[in-house]
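K.L.:
To be precise about what I am sending: the file is called input.txt and holds compact mmCIF, C-alpha atoms and all ligand atoms.
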# COMPACT_ATOMS: atom_id res chain seq x y z
CA MET U 1 66.45 72.91 88.60
CA LYS U 2 63.67 71.01 90.26
CA THR U 3 61.14 73.83 89.93
CA GLY U 4 62.12 74.35 86.30
CA THR U 5 61.41 70.73 85.45
CA LYS U 6 58.12 70.88 87.28
CA LEU U 7 57.16 74.01 85.39
CA ILE U 8 57.78 72.40 82.03
CA LEU U 9 56.07 69.16 82.91
CA LEU U 10 53.01 70.71 84.50
CA HIS U 11 52.55 73.81 82.44
CA PRO U 12 53.88 73.36 78.94
CA SER U 13 51.61 76.20 77.68
CA SER U 14 53.28 78.76 79.95
CA LEU U 15 56.37 78.65 77.71
CA HIS U 16 54.85 81.29 75.39
CA LYS U 17 53.86 83.70 78.12
CA GLN U 18 56.99 83.63 80.27
CA GLY U 19 59.86 83.73 77.76
CA SER U 20 63.03 84.17 79.82
CA ALA U 21 61.90 81.98 82.71
CA ALA U 22 61.00 79.19 80.33
CA ALA U 23 64.36 79.48 78.52
CA SER U 24 66.32 79.09 81.78
CA ALA U 25 64.07 76.23 82.80
CA ALA U 26 64.73 74.49 79.47
CA ALA U 27 68.47 75.01 79.91
CA ALA U 28 68.25 73.56 83.41
CA ALA U 29 66.35 70.53 82.09
CA ALA U 30 68.96 70.02 79.37
CA SER U 31 71.85 70.09 81.84
CA TYR U 32 69.88 67.71 84.08
CA ARG U 33 69.61 65.27 81.17
CA VAL U 34 73.33 65.57 80.46
CA TRP U 35 74.17 64.77 84.07
CA LEU U 36 71.76 61.87 84.03
CA LEU U 37 73.46 60.53 80.91
CA VAL U 38 76.89 60.95 82.49
CA PHE U 39 75.76 59.08 85.60
CA VAL U 40 74.15 56.25 83.68
CA SER U 41 77.21 55.86 81.44
CA PHE U 42 79.50 55.90 84.47
CA PHE U 43 77.55 53.18 86.26
CA THR U 44 77.37 51.05 83.14
CA LEU U 45 81.12 51.35 82.74
CA VAL U 46 81.79 50.45 86.37
CA THR U 47 79.46 47.44 86.19
CA LEU U 48 81.13 46.25 83.01
CA LEU U 49 84.60 46.65 84.47
CA THR U 50 83.63 44.77 87.64
CA LEU U 51 82.18 41.96 85.54
CA ILE U 52 85.31 41.69 83.41
CA THR U 53 87.81 41.78 86.30
CA SER U 54 85.85 39.31 88.43
CA LYS U 55 85.64 36.95 85.45
CA GLU U 56 89.37 37.28 84.98
CA ALA U 57 89.99 36.61 88.68
CA LEU U 58 87.73 33.57 88.56
CA SER U 59 89.35 32.07 85.51
CA SER U 60 92.85 32.75 86.79
CA ALA U 61 91.92 31.22 90.16
CA ALA U 62 90.63 28.15 88.35
CA ALA U 63 93.78 28.01 86.24
CA ALA U 64 95.97 28.39 89.33
CA ALA U 65 94.02 25.65 91.11
CA ALA U 66 94.48 23.39 88.11
CA GLY U 67 98.18 24.18 88.18
CA ASN U 68 98.31 25.24 84.55
CA SER U 69 98.58 29.00 84.64
CA PRO U 70 102.10 29.66 83.29
CA GLY U 71 100.77 31.31 80.13
CA GLY U 72 97.90 33.04 81.96
CA ASP U 73 97.44 36.69 82.82
CA LYS U 74 100.44 37.54 84.97
CA SER U 75 98.90 40.70 86.38
CA VAL U 76 96.09 38.88 88.25
CA LYS U 77 97.18 36.66 91.14
CA VAL U 78 95.25 34.98 93.91
CA ALA U 79 96.27 35.98 97.43
CA LEU U 80 97.78 33.20 99.54
CA PRO U 81 95.37 32.32 102.38
CA ASP U 82 96.56 33.65 105.78
CA SER U 83 96.75 30.18 107.32
CA VAL U 84 98.96 28.86 104.49
CA PHE U 85 101.12 32.00 104.73
CA ASP U 86 101.55 31.44 108.48
CA ALA U 87 102.32 27.75 107.96
CA LEU U 88 105.10 28.53 105.48
CA VAL U 89 106.69 31.01 107.90
CA HIS U 90 106.30 28.50 110.75
CA TYR U 91 108.06 25.64 108.94
CA ALA U 92 110.79 27.92 107.60
CA SER U 93 111.65 29.13 111.09
CA VAL U 94 111.07 26.10 113.34
CA ASN U 95 114.10 24.31 114.83
CA THR U 96 113.42 20.80 113.58
CA THR U 97 116.26 19.19 115.50
CA ALA U 98 114.16 19.70 118.63
CA VAL U 99 111.08 17.99 117.11
CA THR U 100 110.55 14.31 117.92
CA ASN U 101 108.59 11.76 115.90
CA ARG U 102 108.45 13.90 112.78
CA PHE U 103 107.15 12.45 109.55
CA SER U 104 109.93 11.34 107.22
CA ALA U 105 110.05 12.73 103.68
CA SER U 106 108.62 9.48 102.26
CA GLU U 107 105.83 9.40 104.85
CA LEU U 108 104.92 13.01 104.05
CA GLY U 109 104.92 12.13 100.36
CA ALA U 110 102.45 9.27 100.90
CA VAL U 111 99.93 11.44 102.77
CA ALA U 112 100.41 14.37 100.39
CA ALA U 113 99.72 12.16 97.36
CA VAL U 114 96.41 11.00 98.83
CA LEU U 115 95.36 14.53 99.82
CA ARG U 116 96.24 15.79 96.34
CA ARG U 117 94.11 13.06 94.76
CA CYS U 118 91.29 13.71 97.23
CA ASN U 119 91.31 17.43 96.37
CA ALA U 120 91.70 16.91 92.61
CA ASN U 121 88.08 15.90 92.01
CA LYS U 122 86.81 19.43 91.52
CA GLY U 123 83.27 18.49 90.68
CA LYS U 124 82.98 16.41 93.82
CA LYS U 125 82.64 17.48 97.41
CA PRO U 126 85.67 18.86 99.28
CA CYS U 127 87.98 16.38 100.96
CA ASN U 128 87.14 15.47 104.59
CA PHE U 129 90.28 14.80 106.61
CA LEU U 130 90.21 13.58 110.24
CA VAL U 131 93.51 13.68 112.14
CA PHE U 132 94.22 12.09 115.54
CA GLY U 133 97.02 14.07 117.19
CA LEU U 134 98.17 17.69 117.33
CA THR U 135 101.75 17.51 116.16
CA HIS U 136 104.56 19.25 114.32
CA GLU U 137 102.67 18.47 111.06
CA THR U 138 99.32 20.02 112.06
CA LEU U 139 99.69 23.26 110.07
CA LEU U 140 100.93 21.25 107.11
CA TRP U 141 97.91 18.90 107.08
CA SER U 142 95.59 21.86 107.41
CA SER U 143 97.29 23.68 104.50
CA LEU U 144 97.48 20.62 102.22
CA ASN U 145 93.75 20.17 102.65
CA TYR U 146 93.02 23.91 102.46
CA ASN U 147 89.96 23.52 100.25
CA GLY U 148 88.59 20.66 102.28
CA ARG U 149 87.55 20.16 105.89
CA THR U 150 90.23 19.12 108.37
CA VAL U 151 89.42 18.24 111.98
CA PHE U 152 92.05 17.50 114.63
CA VAL U 153 91.57 15.44 117.75
CA SER U 154 93.87 15.40 120.77
CA ASP U 155 93.72 13.98 124.27
CA ASN U 156 95.77 16.91 125.54
CA ASP U 157 93.40 19.73 126.47
CA TYR U 158 96.33 22.12 127.04
CA PHE U 159 97.57 21.56 123.47
CA VAL U 160 94.07 22.10 122.14
CA ARG U 161 93.56 25.35 124.08
CA ARG U 162 96.98 26.69 123.07
CA HIS U 163 96.30 25.70 119.49
CA ASP U 164 92.89 27.41 119.49
CA GLU U 165 94.51 30.64 120.68
CA ARG U 166 97.22 30.63 118.03
CA HIS U 167 95.22 29.18 115.13
CA PRO U 168 91.53 29.83 115.71
CA GLU U 169 90.80 28.92 112.07
CA ILE U 170 91.88 25.30 112.67
CA GLU U 171 89.27 22.95 114.12
CA ALA U 172 90.74 20.99 117.03
CA TYR U 173 88.86 19.06 119.72
CA ASP U 174 89.88 17.65 123.06
CA VAL U 175 88.78 14.03 123.49
CA GLN U 176 89.34 11.90 126.58
CA PHE U 177 90.60 8.36 126.05
CA THR U 178 89.85 5.88 128.83
CA THR U 179 92.16 3.16 127.50
CA LYS U 180 95.73 2.24 128.46
CA VAL U 181 98.39 0.69 126.25
CA ARG U 182 98.92 -2.14 128.76
CA GLU U 183 95.26 -3.19 128.36
CA MET U 184 95.51 -3.65 124.61
CA TYR U 185 94.93 -7.43 124.56
CA GLU U 186 92.14 -7.34 127.14
CA LEU U 187 90.40 -4.69 125.09
CA LEU U 188 90.94 -6.66 121.89
CA ALA U 189 89.37 -9.79 123.42
CA TYR U 190 86.48 -7.69 124.69
CA ALA U 191 85.93 -6.10 121.26
CA LYS U 192 85.87 -9.52 119.56
CA GLU U 193 83.19 -10.69 122.00
CA GLN U 194 81.13 -7.58 121.24
CA LEU U 195 81.41 -7.80 117.43
CA LYS U 196 77.70 -8.42 116.98
CA SER U 197 76.62 -5.80 119.49
CA ASP U 198 78.43 -2.73 120.84
CA CYS U 199 81.62 -3.10 118.79
CA ARG U 200 80.15 -4.00 115.37
CA PRO U 201 81.79 -2.61 112.22
CA VAL U 202 78.80 -0.64 110.89
CA GLN U 203 77.17 1.68 113.41
CA ASN U 204 76.81 5.27 114.57
CA LEU U 205 79.50 5.54 117.23
CA LEU U 206 77.73 8.48 118.85
CA PHE U 207 75.38 5.92 120.44
CA SER U 208 77.88 3.10 120.97
CA ASP U 209 78.80 1.64 124.37
CA CYS U 210 81.88 -0.14 122.97
CA LYS U 211 84.90 0.68 125.13
CA LEU U 212 86.94 1.32 121.98
CA ALA U 213 84.37 3.73 120.51
CA ILE U 214 85.09 7.43 120.74
CA ASN U 215 81.77 9.12 121.32
CA ASP U 216 82.55 12.55 122.69
CA PHE U 217 83.34 14.25 119.40
CA PRO U 218 81.03 17.14 118.52
CA ASN U 219 77.90 15.46 117.12
CA TYR U 220 78.37 16.62 113.54
CA VAL U 221 81.64 14.64 113.28
CA TYR U 222 79.56 11.43 113.19
CA ASP U 223 77.61 12.66 110.17
CA VAL U 224 80.63 13.54 108.03
CA ASP U 225 81.84 11.02 105.44
CA TRP U 226 85.57 11.06 106.22
CA ASP U 227 87.70 10.52 103.11
CA VAL U 228 91.10 10.42 104.79
CA ILE U 229 91.87 9.51 108.42
CA LEU U 230 95.33 9.86 109.95
CA VAL U 231 96.11 8.25 113.30
CA ASP U 232 99.13 10.03 114.79
CA GLY U 233 97.84 10.23 118.36
CA PRO U 234 97.14 9.93 121.20
CA TYR U 235 100.40 9.20 123.01
CA GLY U 236 101.37 5.55 122.98
CA PHE U 237 104.96 5.18 124.09
CA ALA U 238 104.32 4.00 127.66
CA PRO U 239 102.18 1.20 129.18
CA THR U 240 100.08 3.78 131.00
CA ALA U 241 99.65 6.00 127.90
CA PRO U 242 96.17 6.01 126.31
CA GLY U 243 97.46 4.39 123.10
CA ARG U 244 95.75 4.36 119.71
CA MET U 245 93.45 1.37 120.14
CA ALA U 246 90.29 3.49 120.22
CA ALA U 247 91.50 5.75 117.39
CA ILE U 248 92.16 2.76 115.10
CA PHE U 249 88.86 1.05 115.98
CA THR U 250 86.97 4.33 115.43
CA ALA U 251 88.70 4.86 112.06
CA GLY U 252 87.70 1.32 111.07
CA VAL U 253 84.05 1.91 111.96
CA PHE U 254 83.93 5.35 110.25
CA ALA U 255 85.24 3.77 107.01
CA ARG U 256 82.76 0.85 107.12
CA SER U 257 79.76 3.00 108.07
CA LYS U 258 80.08 5.73 105.42
CA ARG U 259 76.80 6.50 103.70
CA GLY U 260 77.95 9.01 101.07
CA GLY U 261 81.15 10.45 99.65
CA ARG U 262 83.96 8.38 98.19
CA ASP U 263 83.66 4.59 98.39
CA LYS U 264 87.07 4.03 99.93
CA THR U 265 88.57 5.68 103.00
CA ASP U 266 92.34 6.15 103.12
CA VAL U 267 93.50 5.40 106.66
CA PHE U 268 97.07 6.17 107.71
CA ILE U 269 98.57 4.72 110.90
CA HIS U 270 101.78 6.35 112.11
CA GLU U 271 104.28 4.39 114.27
CA PHE U 272 103.03 1.29 112.49
CA ASP U 273 106.09 -0.58 113.77
CA ARG U 274 104.70 -0.56 117.32
CA GLU U 275 102.63 -3.41 118.73
CA VAL U 276 99.34 -1.60 119.35
CA GLU U 277 99.37 0.00 115.92
CA ARG U 278 100.20 -3.25 114.11
CA VAL U 279 97.85 -5.57 116.03
CA TYR U 280 94.86 -3.20 116.03
CA SER U 281 95.32 -2.35 112.34
CA ASP U 282 95.37 -6.08 111.51
CA GLU U 283 92.18 -6.54 113.45
CA PHE U 284 90.11 -3.49 112.45
CA LEU U 285 91.60 -2.22 109.17
CA CYS U 286 92.69 -5.63 107.77
CA ARG U 287 95.79 -6.89 105.98
CA GLU U 288 93.87 -7.19 102.72
CA ASN U 289 93.27 -3.42 102.78
CA LEU U 290 96.92 -2.55 103.36
CA VAL U 291 98.09 -0.50 100.38
CA GLN U 292 101.68 0.15 101.46
CA VAL U 293 103.99 0.65 104.39
CA VAL U 294 106.27 3.67 104.05
CA ASP U 295 108.90 3.83 106.77
CA THR U 296 106.72 3.67 109.90
CA LEU U 297 103.48 4.70 108.20
CA GLY U 298 100.86 2.10 107.31
CA HIS U 299 98.41 3.08 104.55
CA PHE U 300 95.06 1.27 104.30
CA SER U 301 92.23 1.72 101.81
CA VAL U 302 89.03 0.62 103.52
CA GLY U 303 85.66 0.20 101.80
CA ARG U 304 82.19 0.56 103.28
CA MET U 305 80.38 -2.51 104.53
CA ASP U 306 76.91 -3.95 104.61
CA ALA U 307 75.20 -3.30 107.96
CA GLN U 308 74.50 -7.02 108.38
CA ARG U 309 78.19 -7.94 108.45
CA PHE U 310 79.69 -8.54 111.87
CA GLU U 311 83.37 -9.04 111.13
CA PHE U 312 85.84 -6.34 110.28
CA CYS U 313 88.02 -8.53 108.06
CA PRO U 314 85.84 -11.14 106.34
CA ASN U 315 88.65 -12.23 103.99
CA SER U 316 91.44 -12.49 106.54
CA ASP U 317 92.15 -15.38 108.82
CA SER U 318 91.30 -14.21 112.27
CA ILE U 319 94.47 -12.95 113.92
CA SER U 320 94.96 -15.14 116.95
CA LEU U 321 95.24 -13.37 120.25
CA GLN U 322 98.81 -13.07 121.32
CA SER U 323 99.94 -13.79 124.86
CA SER U 324 97.54 -11.89 127.01
CA SER U 325 98.95 -11.60 130.49
CA SER U 326 95.60 -11.96 132.22
CA SER U 327 93.70 -15.17 131.51
CA SER U 328 90.32 -13.69 132.35
CA PRO U 329 90.35 -9.99 131.64
CA SER U 330 88.07 -8.00 133.86
CA TYR U 331 85.98 -5.66 131.73
CA SER U 332 84.05 -4.16 134.59
CA SER U 333 86.94 -2.28 136.14
CA LYS U 334 87.16 1.09 134.47
CA PRO U 335 90.66 2.48 134.15
CA SER U 336 91.43 5.41 136.37
CA SER U 337 91.28 8.77 134.67
CA SER U 338 94.56 9.98 136.16
CA ASP U 339 96.68 9.76 133.05
CA ASN U 340 100.42 10.39 133.40
C1 LIG G 1 117.88 23.61 117.88
O1 LIG G 1 117.55 22.64 118.85
C2 LIG G 1 118.64 21.88 119.29
C3 LIG G 1 118.11 20.81 120.20
O2 LIG G 1 117.18 21.27 121.14
C4 LIG G 1 119.65 22.79 119.98
O3 LIG G 1 120.75 22.06 120.43
C5 LIG G 1 120.10 23.85 119.01
O4 LIG G 1 120.93 24.78 119.65
C6 LIG G 1 118.89 24.58 118.42
N1 LIG G 1 119.34 25.47 117.36
C7 LIG G 1 118.98 26.75 117.29
C8 LIG G 1 119.51 27.50 116.14
O5 LIG G 1 118.23 27.27 118.10
Show me this structure written as structure tokens.
P.N.:
Amino acid sequence: MKTGTKLILLHPSSLHKQGSAAASAAAAAASYRVWLLVFVSFFTLVTLLTLITSKEALSSAAAAAAGNSPGGDKSVKVALPDSVFDALVHYASVNTTAVTNRFSASELGAVAAVLRRCNANKGKKPCNFLVFGLTHETLLWSSLNYNGRTVFVSDNDYFVRRHDERHPEIEAYDVQFTTKVREMYELLAYAKEQLKSDCRPVQNLLFSDCKLAINDFPNYVYDVDWDVILVDGPYGFAPTAPGRMAAIFTAGVFARSKRGGRDKTDVFIHEFDREVERVYSDEFLCRENLVQVVDTLGHFSVGRMDAQRFEFCPNSDSISLQSSSSSSPSYSSKPSSSDN
């Protein structure tokens, strides 16, 4: 076929002299053109089909995301993400009677409503959700914020390692807390003294020496504008437990120091009925920002702050220090790292 084409292209005059050869060459060229046509048509068709189906998939995905696809094309469905699939199976099969400190239905509803709102602004950036604590609800939080970024923090390196093995797609970091629940009032007095320096409301905590600042997150965590922060860890049920003082202070600073993203940060504090949670929230998240208390979940909406302000709650009366056992707290003695 190739030689035939060449012959015709290079020597058109030879057609007269070599009759039969030229005829077969012409036939070969004709069949070549037919095949070419078939191929071109085939590829055009395939391209068109791909375009149409991908458009359909896109529009149905958009419709599904908007929650208004009942009248849509029933033949095209979006696959459930693996992590959401696994989460559904997990919650359907887990023995919940053995789980302690679960979220109540109303508490779940409060967090879910905020995550839904945070994810509803399709034109805007995805929702950034920071969670203190690896708990029974971890897979749920991760699934509810599927389109956003969710980062988990735990003081239990065993939990984090086990979690990484089972759910490598979920971002979880091990952070060491140097505080103890029994030091809560000493640390509060210290933080109030340092309001204009190490413990100020607007700062980059990566470089902070404040004892309540968490600064061993991966560096990028300090550059994210967190939209929702949930404090459900670390452990705080014993005097020697790390408690949530640093988590609440850090949440307060993250909300005040935001440079982009949404103006307000929704901060949830679980076990809000406990002393540390209540006192530290009053001090660093402020009564005036309290949106609601649902069962034992406090919900705050905290705005950003001017860098020249050196009080967390400008509109609240300063909460007076409650009975601190030690009259002159010693800030120099670092707590021992042997936790529990
Ligand atoms: C669920 O956990 C509880 C408490 O640990 C236990 O008594 C019960 O037998 C468990 N149920 C099942 C079905 O495993």
K.L.:
Could you tell me, counting all atoms listed in the file, which protein and nucleic acid residues lie no more than 9 Å from ligand LIG 1 (chain G), written as a list in words?
P.N.:
Val94, Asn95, Thr96, Thr97, Ala98 and Val99 of chain U
K.L.:
Pick the closest to U:Glu137 from U:Val267, U:Ile214, U:Ala105, U:Val291: which is it, counting all atoms listed in the file?
P.N.:
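Smallest distance to U:Glu137 is found for U:Ala105.
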K.L.:
In Å, how far is it from atom CA of U:Asn156 to atom CA of U:Leu205?
P.N.:
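About the pair atom CA of U:Asn156 and atom CA of U:Leu205: they are 21.5 Å apart.
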K.L.:
Of the residues U:Asn145, U:Ser197, U:Thr250, U:Asn315, which is the one nearest to U:Tyr222, using only C-alpha atoms?
P.N.:
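Using only C-alpha atoms, U:Tyr222 sits closest to U:Thr250.
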K.L.:
What separation in Å, quoted to one decimal, exists between atom CA of U:Ser154 and atom CA of U:Val111?
P.N.:
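Spanning atom CA of U:Ser154 to atom CA of U:Val111 is a straight-line distance of 19.4 Å.
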K.L.:
Name the closest residue to U:Phe254 among the candidates U:Phe129, U:Phe237, U:Tyr158, U:Phe272; distances are taken between atoms, counting all atoms listed in the file.
P.N.:
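Checking each candidate against U:Phe254, we get U:Phe129 as the closest.
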K.L.:
For a test of reading the model, state the distance in Å between atom CA of U:Cys286 and atom CA of U:Asp174, rounded to one decimal.
P.N.:
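Computed distance, atom CA of U:Cys286 to atom CA of U:Asp174, equals 28.0 Å.
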K.L.:
Out of U:Val294, U:Met245, U:Cys199, U:Val89, which residue has the shortest atom-to-atom distance to U:Tyr185 when counting all atoms listed in the file?
P.N.:
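Ranked by minimum distance to U:Tyr185, first place goes to U:Met245.
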K.L.:
May I ask which of the residues U:Arg262, U:Trp141, U:Phe152, U:Leu230 is the closest one to U:Asn121, counting all atoms listed in the file?
P.N.:
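Of the candidates, the smallest distance to U:Asn121 is held by U:Arg262.
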K.L.:
Counting only C-alpha atoms, which of U:Leu195, U:Val160, U:Ala92, U:Val221 gets nearest to U:Leu140?
P.N.:
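Of U:Leu195, U:Val160, U:Ala92, U:Val221, the one nearest U:Leu140, counting only C-alpha atoms, is U:Ala92.
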K.L.:
In file coordinates, which residues lie within 9 Å of (97.2, -0.4, 109.8) using only C-alpha atoms, given as a ChimeraX atom specification?
P.N.:
/U:248,267-270,272,277-287,289-290,293,297-300
